[in-house]
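*Asks:* First, the structure itself, so that you have it in front of you.
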2 protein chains.
Amino acid sequence: MKLQTAIDRVSLEDAARLAKQLDGKTDILEMGTSLVKDYGNEAIRRLRGELSQTSLLVDSKTIDEGAYEFNQAFHHGGDIVTVMGAASHATLQACYEVAQKENKTMMIDLLEVSDEKIAAISNFPEAIYALHHSIDREDKLDAVGSVADFHQKFPTIKRLAVAGGIDLPQVQKLAAQDLLKVVIVGSKIAKAADPVAAVKEFMEAIHNGNN
Amino acid sequence: MKLQTAIDRVSLEDAARLAKQLDGKTDILEMGTSLVKDYGNEAIRRLRGELSQTSLLVDSKTIDEGAYEFNQAFHHGGDIVTVMGAASHATLQACYEVAQKENKTMMIDLLEVSDEKIAAISNFPEAIYALHHSIDREDKLDAVGSVADFHQKFPTIKRLAVAGGIDLPQVQKLAAQDLLKVVIVGSKIAKAADPVAAVKEFMEAIHNGNN
């Protein structure tokens with residue numbers, strides 16, 4: 001299991017400073033959608049420039065114009081780009097073809113996607129499927145339970161991630177559960193008083209296991 | 001019926017030049033999602049600066065973090081901002097509250113939204129509901145037929161728009177049909193050899209009626 005640390009709703013200066021601090025200390029750095037929409041491709045280039053040992057995920061949340069958005073995000077420096085599972089199958093296909101051609105990765109954000117739709121879009125073997133709980137919803141995510149349920153319902157989907165208010169105790173349980181490819185942590189690292197100390201705790205929780 | 005002209009997949013310089021040319025000649029100028037993701041808020045400010053008589057729509061395609069994204073887009077100069085109908089009801093509610101508070105407008109993009117979900121999100125009376133056909137799909141939109149069907153299925157939704165490969169003959173039929181608040185035209189104006197001549201034809205087709 002890899003640790004993805006998400007940065008959101010900060011200035012580009014603060015995001016770049018945090019990226020520099022976290023380089024080599026998190027497996028993947030996520031440039032959150034707020035940075036995509038506030039700063040555009042400039043932010044991808046800027047964060048890319050701060051990272052030498054950590055992969056960069058661009059949380060584009062593409063839902064149309066799949067080839068254009070994926071080409072742009074990879075071209076400017078992303079290693080992994082997100083598309084919404086709520087997009088049409090044609091959009092997902094277009095994103096996947098770009099990712100495969102560029103030898104990079106598509107992550108499918110399953111926010112508000114029905115089981116029926118998940119079944120219909122389960123045919124992208126190299127993609128990472130991310131269970132995601134909206135930040136705007138008041139109910140909270142049971143990450144371990146959600147991952148177990150998902151794995152039971154969709155056993156052919158092998159590359160899983162989870163996001164949405166994940167904290168250290170949840171990461172410890174997810175590491176023990178051993179079903180995820182990526183765990184996504186946001187504010188518990190990026191908004192911590194000491195993000196470097198926080199990321200170290202999360203990485204230890206993940207990589208002291210045998211993943 | 002109002003004319004919304006969408007600009008997409010061009011440089012910010014070209015977009016700004018086109019915005020200046022179209023100011024006062026289209027009712028609404030749409031800053032397409034490609035400009036949002038390529039340039040961020042700078043593009044909103046730049047296009048806003050070119051417009052004195054035309055409203056600015058920011059095609060943010062928000063699907064999470066509703067209040068943050070809507071506040072940002074309005075703050076930087078948008079008059080209308082889009083949210084995906086595929087978002088959670090909580091996200092739509094958050095966007096709507098910001099739009100109402102700012103005395104601005106939310107447009108709901110109904111791309112890939114089921115009838116069941118439309119019924120569940122039909123309770124935003126001041127929002128504009130936009131029927132939208134993915135640019136990535138190979139099948140084409142029958143705009144007049146889609147609007148008629150939608151109106152019959154959801155008669156309580158009064159503020160309608162339609163987007164997806166709309167051309168002049170379709171606009172003439174949509175004007176005669178008289179069910180739309182906004183018709184959205186992209187490449188047929190923005191990629192025309194002479195966009196100013198093209199927008200004039202579309203505006204005449206719309207406003208020579210009694211809408």
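In the structure tokens, chains take letters A, B, ... by order of appearance, with residues numbered from 1 within each chain and ligands from 1 in the order shown.
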Please identify every residue of chain A that has at least one atom no more than 7 Å from any atom of chain B, counting only C-alpha atoms, and report them as a PyMOL selection string.

*Replies:* chain A and resi 36-41+64-65+86-88+90-91+112+134-137

*Asks:* Taking the backbone alone, and naming residues the way the document does, which bits of range 137-194 of chain B are strand (DSSP E or B) by DSSP, as a ChimeraX atom specification?

*Replies:* /B:160-163,182-185

*Asks:* Do you have the CA of Ala190 in chain B-CA of Glu102 in chain B distance handy?

*Replies:*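 Taking CA of Ala190 in chain B as the start and CA of Glu102 in chain B as the end point, the length is 29.3 Å.
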
*Asks:* Can you tell me which residues surround range 118-125 of chain A at a distance of at most 8 Å, considering only C-alpha atoms, apart from same-chain residues fewer than 2 positions away, and format the answer as JSON, numbers by chain?

*Replies:* {"A": [85, 89, 96, 110, 113, 114, 115, 116, 127, 154, 156, 157, 158, 159]}

*Asks:* Generate the output file for the selected residues, all heavy atoms, as a compact mmCIF listing (two decimals), in the first residue's frame.

*Replies:*
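File written: result-v7.txt
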```txt
# COMPACT_ATOMS: atom_id res chain seq x y z
N GLY A 85 -15.69 8.52 -12.17
CA GLY A 85 -16.44 7.34 -12.58
C GLY A 85 -17.81 7.71 -13.13
O GLY A 85 -18.41 6.97 -13.90
N HIS A 89 -18.71 6.26 -20.37
CA HIS A 89 -17.70 5.23 -20.62
C HIS A 89 -16.74 5.70 -21.71
O HIS A 89 -15.53 5.41 -21.66
CB HIS A 89 -18.36 3.90 -21.02
CG HIS A 89 -17.42 2.74 -20.96
ND1 HIS A 89 -16.51 2.48 -21.97
CD2 HIS A 89 -17.20 1.82 -20.01
CE1 HIS A 89 -15.79 1.43 -21.62
NE2 HIS A 89 -16.19 1.00 -20.44
N TYR A 96 -8.15 6.57 -20.47
CA TYR A 96 -7.34 5.35 -20.31
C TYR A 96 -6.36 5.19 -21.46
O TYR A 96 -5.19 4.84 -21.25
CB TYR A 96 -8.27 4.14 -20.22
CG TYR A 96 -7.61 2.87 -19.73
CD1 TYR A 96 -7.12 2.79 -18.44
CD2 TYR A 96 -7.50 1.75 -20.55
CE1 TYR A 96 -6.53 1.62 -17.96
CE2 TYR A 96 -6.91 0.58 -20.09
CZ TYR A 96 -6.42 0.52 -18.79
OH TYR A 96 -5.83 -0.64 -18.33
N LEU A 110 -14.59 7.33 -7.62
CA LEU A 110 -15.93 6.71 -7.59
C LEU A 110 -16.95 7.50 -6.77
O LEU A 110 -17.99 6.96 -6.37
CB LEU A 110 -15.80 5.27 -7.07
CG LEU A 110 -14.96 4.35 -7.96
CD1 LEU A 110 -14.79 2.98 -7.31
CD2 LEU A 110 -15.58 4.20 -9.35
N VAL A 113 -20.94 7.21 -7.47
CA VAL A 113 -21.15 6.29 -8.59
C VAL A 113 -21.89 5.05 -8.07
O VAL A 113 -21.51 4.47 -7.05
CB VAL A 113 -19.80 5.89 -9.23
CG1 VAL A 113 -20.03 4.91 -10.38
CG2 VAL A 113 -19.06 7.12 -9.71
N SER A 114 -22.94 4.65 -8.76
CA SER A 114 -23.75 3.50 -8.35
C SER A 114 -22.99 2.19 -8.62
O SER A 114 -22.10 2.14 -9.46
CB SER A 114 -25.06 3.48 -9.13
OG SER A 114 -24.79 3.23 -10.50
N ASP A 115 -23.40 1.14 -7.93
CA ASP A 115 -22.80 -0.19 -8.15
C ASP A 115 -22.97 -0.62 -9.60
O ASP A 115 -22.07 -1.25 -10.19
CB ASP A 115 -23.43 -1.23 -7.22
CG ASP A 115 -22.93 -1.08 -5.80
OD1 ASP A 115 -22.03 -0.25 -5.55
OD2 ASP A 115 -23.45 -1.80 -4.92
N GLU A 116 -24.11 -0.31 -10.17
CA GLU A 116 -24.38 -0.68 -11.56
C GLU A 116 -23.36 -0.02 -12.49
O GLU A 116 -22.82 -0.65 -13.40
CB GLU A 116 -25.80 -0.22 -11.90
CG GLU A 116 -26.32 -0.72 -13.22
CD GLU A 116 -27.69 -0.09 -13.55
OE1 GLU A 116 -28.27 0.61 -12.67
OE2 GLU A 116 -28.15 -0.29 -14.68
N ALA A 127 -6.03 0.73 -14.28
CA ALA A 127 -6.49 1.92 -13.56
C ALA A 127 -6.57 1.64 -12.06
O ALA A 127 -6.71 0.49 -11.63
CB ALA A 127 -7.86 2.35 -14.07
N PHE A 154 -16.86 -6.40 -6.03
CA PHE A 154 -16.13 -6.28 -7.30
C PHE A 154 -14.75 -6.94 -7.18
O PHE A 154 -13.72 -6.26 -7.22
CB PHE A 154 -15.99 -4.80 -7.69
CG PHE A 154 -17.29 -4.08 -7.76
CD1 PHE A 154 -17.69 -3.23 -6.73
CD2 PHE A 154 -18.15 -4.26 -8.85
CE1 PHE A 154 -18.92 -2.58 -6.79
CE2 PHE A 154 -19.37 -3.62 -8.91
CZ PHE A 154 -19.76 -2.77 -7.88
N THR A 156 -12.95 -8.54 -9.14
CA THR A 156 -12.01 -8.46 -10.27
C THR A 156 -11.26 -7.13 -10.30
O THR A 156 -10.28 -6.99 -11.04
CB THR A 156 -12.75 -8.62 -11.63
OG1 THR A 156 -13.65 -7.52 -11.80
CG2 THR A 156 -13.52 -9.93 -11.69
N ILE A 157 -11.73 -6.14 -9.55
CA ILE A 157 -11.02 -4.85 -9.52
C ILE A 157 -9.91 -4.96 -8.47
O ILE A 157 -10.17 -5.06 -7.27
CB ILE A 157 -11.98 -3.68 -9.21
CG1 ILE A 157 -13.05 -3.58 -10.32
CG2 ILE A 157 -11.20 -2.37 -9.08
CD1 ILE A 157 -14.06 -2.46 -10.12
N LYS A 158 -8.67 -4.94 -8.96
CA LYS A 158 -7.54 -5.28 -8.10
C LYS A 158 -6.82 -4.07 -7.53
O LYS A 158 -6.11 -4.18 -6.54
CB LYS A 158 -6.50 -6.11 -8.89
CG LYS A 158 -7.03 -7.43 -9.43
CD LYS A 158 -7.37 -8.41 -8.33
CE LYS A 158 -7.79 -9.77 -8.87
NZ LYS A 158 -8.53 -10.57 -7.88
N ARG A 159 -6.94 -2.92 -8.20
CA ARG A 159 -6.15 -1.76 -7.77
C ARG A 159 -7.09 -0.75 -7.14
O ARG A 159 -7.75 0.01 -7.83
CB ARG A 159 -5.39 -1.18 -8.97
CG ARG A 159 -4.31 -2.14 -9.50
CD ARG A 159 -3.91 -1.85 -10.93
NE ARG A 159 -3.27 -0.56 -11.11
CZ ARG A 159 -1.97 -0.32 -10.97
NH1 ARG A 159 -1.15 -1.29 -10.64
NH2 ARG A 159 -1.48 0.88 -11.17
```

*Asks:* For a test of reading the model, state the distance in Å between CA of Gln152 in chain B and CA of Lys173 in chain B, rounded to one decimal.

*Replies:*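 Between CA of Gln152 in chain B and CA of Lys173 in chain B the gap works out to 17.5 Å.
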
*Asks:* Neighbours of range 98-100 of chain A within 8 Å (only C-alpha atoms; same-chain residues fewer than 5 positions away dropped), as an mmCIF file with C-alpha atoms, in the first residue's frame?

*Replies:*
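As written to disk, part.cif reads:
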```cif
data_model
loop_
_atom_site.group_PDB
_atom_site.id
_atom_site.type_symbol
_atom_site.label_atom_id
_atom_site.label_comp_id
_atom_site.auth_asym_id
_atom_site.auth_seq_id
_atom_site.Cartn_x
_atom_site.Cartn_y
_atom_site.Cartn_z
ATOM 1 C CA ALA A 67 -8.147 13.034 -24.021
ATOM 2 C CA PHE A 70 -5.350 13.918 -19.597
ATOM 3 C CA ASN A 71 -2.860 14.972 -22.258
ATOM 4 C CA THR A 105 -1.769 6.038 -14.620
ATOM 5 C CA MET A 106 -5.487 6.800 -14.577
#
```

*Asks:* Which residues come within 12 Å of Asp14 in chain B, counting only C-alpha atoms, excluding same-chain residues fewer than 3 positions away, as a PDB file with all heavy atoms, in the first residue's frame?

*Replies:*
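For reference, result-v9.pdb as written:
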```pdb
ATOM      1  N   ILE B   7     -16.102  29.158 -25.132  1.00  0.00           N
ATOM      2  CA  ILE B   7     -14.719  29.166 -25.635  1.00  0.00           C
ATOM      3  C   ILE B   7     -13.937  28.056 -24.935  1.00  0.00           C
ATOM      4  O   ILE B   7     -13.927  27.980 -23.712  1.00  0.00           O
ATOM      5  CB  ILE B   7     -14.033  30.522 -25.345  1.00  0.00           C
ATOM      6  CG1 ILE B   7     -14.839  31.676 -25.942  1.00  0.00           C
ATOM      7  CG2 ILE B   7     -12.602  30.526 -25.881  1.00  0.00           C
ATOM      8  CD1 ILE B   7     -14.208  33.036 -25.698  1.00  0.00           C
ATOM      9  N   ASP B   8     -13.276  27.229 -25.732  1.00  0.00           N
ATOM     10  CA  ASP B   8     -12.590  26.057 -25.176  1.00  0.00           C
ATOM     11  C   ASP B   8     -11.339  25.731 -25.967  1.00  0.00           C
ATOM     12  O   ASP B   8     -11.290  25.961 -27.176  1.00  0.00           O
ATOM     13  CB  ASP B   8     -13.525  24.833 -25.259  1.00  0.00           C
ATOM     14  CG  ASP B   8     -14.058  24.435 -23.904  1.00  0.00           C
ATOM     15  OD1 ASP B   8     -13.248  24.276 -22.970  1.00  0.00           O
ATOM     16  OD2 ASP B   8     -15.285  24.295 -23.784  1.00  0.00           O
ATOM     17  N   ARG B   9     -10.364  25.150 -25.285  1.00  0.00           N
ATOM     18  CA  ARG B   9      -9.162  24.575 -25.911  1.00  0.00           C
ATOM     19  C   ARG B   9      -8.426  25.568 -26.812  1.00  0.00           C
ATOM     20  O   ARG B   9      -8.047  25.248 -27.937  1.00  0.00           O
ATOM     21  CB  ARG B   9      -9.528  23.297 -26.694  1.00  0.00           C
ATOM     22  CG  ARG B   9     -10.053  22.166 -25.802  1.00  0.00           C
ATOM     23  CD  ARG B   9     -10.483  20.934 -26.573  1.00  0.00           C
ATOM     24  NE  ARG B   9     -11.566  21.217 -27.495  1.00  0.00           N
ATOM     25  CZ  ARG B   9     -12.860  21.315 -27.164  1.00  0.00           C
ATOM     26  NH1 ARG B   9     -13.235  21.127 -25.911  1.00  0.00           N
ATOM     27  NH2 ARG B   9     -13.758  21.592 -28.068  1.00  0.00           N
ATOM     28  N   VAL B  10      -8.253  26.775 -26.289  1.00  0.00           N
ATOM     29  CA  VAL B  10      -7.407  27.783 -26.948  1.00  0.00           C
ATOM     30  C   VAL B  10      -6.516  28.398 -25.874  1.00  0.00           C
ATOM     31  O   VAL B  10      -6.747  28.200 -24.678  1.00  0.00           O
ATOM     32  CB  VAL B  10      -8.241  28.902 -27.629  1.00  0.00           C
ATOM     33  CG1 VAL B  10      -9.054  28.343 -28.791  1.00  0.00           C
ATOM     34  CG2 VAL B  10      -9.134  29.620 -26.635  1.00  0.00           C
ATOM     35  N   SER B  11      -5.501  29.153 -26.312  1.00  0.00           N
ATOM     36  CA  SER B  11      -4.642  29.827 -25.338  1.00  0.00           C
ATOM     37  C   SER B  11      -5.434  30.942 -24.649  1.00  0.00           C
ATOM     38  O   SER B  11      -6.453  31.406 -25.167  1.00  0.00           O
ATOM     39  CB  SER B  11      -3.432  30.422 -26.047  1.00  0.00           C
ATOM     40  OG  SER B  11      -3.844  31.534 -26.827  1.00  0.00           O
ATOM     41  N   ARG B  17      -8.889  37.600 -26.547  1.00  0.00           N
ATOM     42  CA  ARG B  17      -9.154  38.327 -27.790  1.00  0.00           C
ATOM     43  C   ARG B  17     -10.588  38.057 -28.270  1.00  0.00           C
ATOM     44  O   ARG B  17     -11.318  38.971 -28.641  1.00  0.00           O
ATOM     45  CB  ARG B  17      -8.126  37.901 -28.855  1.00  0.00           C
ATOM     46  CG  ARG B  17      -8.083  38.800 -30.078  1.00  0.00           C
ATOM     47  CD  ARG B  17      -6.967  38.378 -31.041  1.00  0.00           C
ATOM     48  NE  ARG B  17      -5.672  38.274 -30.380  1.00  0.00           N
ATOM     49  CZ  ARG B  17      -4.919  37.181 -30.293  1.00  0.00           C
ATOM     50  NH1 ARG B  17      -5.311  36.054 -30.869  1.00  0.00           N
ATOM     51  NH2 ARG B  17      -3.764  37.202 -29.672  1.00  0.00           N
ATOM     52  N   LEU B  18     -10.984  36.788 -28.198  1.00  0.00           N
ATOM     53  CA  LEU B  18     -12.332  36.410 -28.618  1.00  0.00           C
ATOM     54  C   LEU B  18     -13.389  37.020 -27.679  1.00  0.00           C
ATOM     55  O   LEU B  18     -14.442  37.495 -28.136  1.00  0.00           O
ATOM     56  CB  LEU B  18     -12.424  34.873 -28.617  1.00  0.00           C
ATOM     57  CG  LEU B  18     -13.528  34.195 -29.396  1.00  0.00           C
ATOM     58  CD1 LEU B  18     -13.668  34.748 -30.809  1.00  0.00           C
ATOM     59  CD2 LEU B  18     -13.239  32.687 -29.451  1.00  0.00           C
ATOM     60  N   ALA B  19     -13.105  37.022 -26.386  1.00  0.00           N
ATOM     61  CA  ALA B  19     -14.042  37.619 -25.429  1.00  0.00           C
ATOM     62  C   ALA B  19     -14.270  39.091 -25.758  1.00  0.00           C
ATOM     63  O   ALA B  19     -15.409  39.578 -25.746  1.00  0.00           O
ATOM     64  CB  ALA B  19     -13.502  37.465 -24.003  1.00  0.00           C
ATOM     65  N   LYS B  20     -13.192  39.784 -26.066  1.00  0.00           N
ATOM     66  CA  LYS B  20     -13.300  41.211 -26.407  1.00  0.00           C
ATOM     67  C   LYS B  20     -14.154  41.402 -27.662  1.00  0.00           C
ATOM     68  O   LYS B  20     -15.015  42.284 -27.715  1.00  0.00           O
ATOM     69  CB  LYS B  20     -11.890  41.764 -26.631  1.00  0.00           C
ATOM     70  CG  LYS B  20     -11.839  43.263 -26.806  1.00  0.00           C
ATOM     71  CD  LYS B  20     -10.389  43.733 -26.851  1.00  0.00           C
ATOM     72  CE  LYS B  20     -10.332  45.258 -26.817  1.00  0.00           C
ATOM     73  NZ  LYS B  20      -8.981  45.735 -26.542  1.00  0.00           N
ATOM     74  N   GLN B  21     -13.934  40.537 -28.660  1.00  0.00           N
ATOM     75  CA  GLN B  21     -14.716  40.625 -29.900  1.00  0.00           C
ATOM     76  C   GLN B  21     -16.198  40.350 -29.664  1.00  0.00           C
ATOM     77  O   GLN B  21     -17.052  40.914 -30.336  1.00  0.00           O
ATOM     78  CB  GLN B  21     -14.217  39.586 -30.920  1.00  0.00           C
ATOM     79  CG  GLN B  21     -12.887  39.896 -31.566  1.00  0.00           C
ATOM     80  CD  GLN B  21     -12.530  38.812 -32.599  1.00  0.00           C
ATOM     81  OE1 GLN B  21     -12.575  37.627 -32.303  1.00  0.00           O
ATOM     82  NE2 GLN B  21     -12.186  39.247 -33.808  1.00  0.00           N
ATOM     83  N   MET B  31     -16.556  30.596 -20.280  1.00  0.00           N
ATOM     84  CA  MET B  31     -15.161  30.188 -20.168  1.00  0.00           C
ATOM     85  C   MET B  31     -15.186  28.682 -19.930  1.00  0.00           C
ATOM     86  O   MET B  31     -15.586  28.212 -18.863  1.00  0.00           O
ATOM     87  CB  MET B  31     -14.529  30.935 -18.990  1.00  0.00           C
ATOM     88  CG  MET B  31     -13.138  30.487 -18.651  1.00  0.00           C
ATOM     89  SD  MET B  31     -12.453  31.483 -17.287  1.00  0.00           S
ATOM     90  CE  MET B  31     -11.607  30.159 -16.391  1.00  0.00           C
ATOM     91  N   LEU B  35     -10.279  25.994 -20.155  1.00  0.00           N
ATOM     92  CA  LEU B  35      -9.632  27.233 -19.687  1.00  0.00           C
ATOM     93  C   LEU B  35      -9.545  27.267 -18.163  1.00  0.00           C
ATOM     94  O   LEU B  35      -8.558  27.749 -17.601  1.00  0.00           O
ATOM     95  CB  LEU B  35     -10.378  28.455 -20.218  1.00  0.00           C
ATOM     96  CG  LEU B  35     -10.217  28.673 -21.724  1.00  0.00           C
ATOM     97  CD1 LEU B  35     -11.328  29.565 -22.275  1.00  0.00           C
ATOM     98  CD2 LEU B  35      -8.864  29.285 -22.053  1.00  0.00           C
ATOM     99  N   ALA B  43      -7.650  33.170 -15.543  1.00  0.00           N
ATOM    100  CA  ALA B  43      -8.459  33.243 -16.768  1.00  0.00           C
ATOM    101  C   ALA B  43      -9.813  33.903 -16.500  1.00  0.00           C
ATOM    102  O   ALA B  43     -10.321  34.657 -17.338  1.00  0.00           O
ATOM    103  CB  ALA B  43      -8.648  31.845 -17.357  1.00  0.00           C
ATOM    104  N   ARG B  46      -9.132  37.571 -16.285  1.00  0.00           N
ATOM    105  CA  ARG B  46      -8.761  38.101 -17.601  1.00  0.00           C
ATOM    106  C   ARG B  46      -9.987  38.287 -18.506  1.00  0.00           C
ATOM    107  O   ARG B  46     -10.155  39.346 -19.124  1.00  0.00           O
ATOM    108  CB  ARG B  46      -7.765  37.128 -18.239  1.00  0.00           C
ATOM    109  CG  ARG B  46      -7.194  37.573 -19.550  1.00  0.00           C
ATOM    110  CD  ARG B  46      -6.180  38.691 -19.354  1.00  0.00           C
ATOM    111  NE  ARG B  46      -5.773  39.208 -20.647  1.00  0.00           N
ATOM    112  CZ  ARG B  46      -4.848  38.627 -21.436  1.00  0.00           C
ATOM    113  NH1 ARG B  46      -4.192  37.555 -21.021  1.00  0.00           N
ATOM    114  NH2 ARG B  46      -4.549  39.152 -22.603  1.00  0.00           N
ATOM    115  N   LEU B  47     -10.840  37.266 -18.563  1.00  0.00           N
ATOM    116  CA  LEU B  47     -12.035  37.369 -19.422  1.00  0.00           C
ATOM    117  C   LEU B  47     -13.018  38.392 -18.849  1.00  0.00           C
ATOM    118  O   LEU B  47     -13.617  39.169 -19.595  1.00  0.00           O
ATOM    119  CB  LEU B  47     -12.701  36.002 -19.609  1.00  0.00           C
ATOM    120  CG  LEU B  47     -11.848  34.918 -20.290  1.00  0.00           C
ATOM    121  CD1 LEU B  47     -12.723  33.746 -20.697  1.00  0.00           C
ATOM    122  CD2 LEU B  47     -11.077  35.436 -21.498  1.00  0.00           C
ATOM    123  N   ALA B 190     -17.189  29.945 -31.849  1.00  0.00           N
ATOM    124  CA  ALA B 190     -15.818  30.222 -31.395  1.00  0.00           C
ATOM    125  C   ALA B 190     -14.755  29.746 -32.380  1.00  0.00           C
ATOM    126  O   ALA B 190     -13.659  30.312 -32.429  1.00  0.00           O
ATOM    127  CB  ALA B 190     -15.591  29.585 -30.012  1.00  0.00           C
ATOM    128  N   LYS B 191     -15.056  28.685 -33.138  1.00  0.00           N
ATOM    129  CA  LYS B 191     -14.070  28.180 -34.107  1.00  0.00           C
ATOM    130  C   LYS B 191     -14.444  28.572 -35.538  1.00  0.00           C
ATOM    131  O   LYS B 191     -13.849  28.053 -36.499  1.00  0.00           O
ATOM    132  CB  LYS B 191     -13.948  26.648 -34.010  1.00  0.00           C
ATOM    133  CG  LYS B 191     -13.750  26.094 -32.610  1.00  0.00           C
ATOM    134  CD  LYS B 191     -12.307  26.056 -32.132  1.00  0.00           C
ATOM    135  CE  LYS B 191     -12.203  25.353 -30.780  1.00  0.00           C
ATOM    136  NZ  LYS B 191     -10.934  25.481 -30.108  1.00  0.00           N
TER     137      LYS B 191
END
```

*Asks:* Leaving out Ile184 in chain B and any residue of its chain fewer than 3 positions from it, which residues lie within 10 Å of it when counting only C-alpha atoms, given as a VMD selection string?

*Replies:* chain B and resid 2 to 6 28 to 30 130 to 132 161 to 167 171

*Asks:* Which parts of range 14-180 of chain B does DSSP call alpha helix (DSSP H) when run on the backbone here, written out as a ChimeraX atom specification?

*Replies:* /B:14-22,33-39,41-50,66-75,89-101,115-120,143-153,168-177

*Asks:* Which of these residues is nearest to Val182 in chain B, using only C-alpha atoms: B:Met1, B:Thr54, B:Val144, B:Asp149?

*Replies:* B:Met1

*Asks:* Expressed in Å to a single decimal, how great is the separation between CA of Gln53 in chain B and CA of Asn208 in chain B?

*Replies:* 19.5 Å
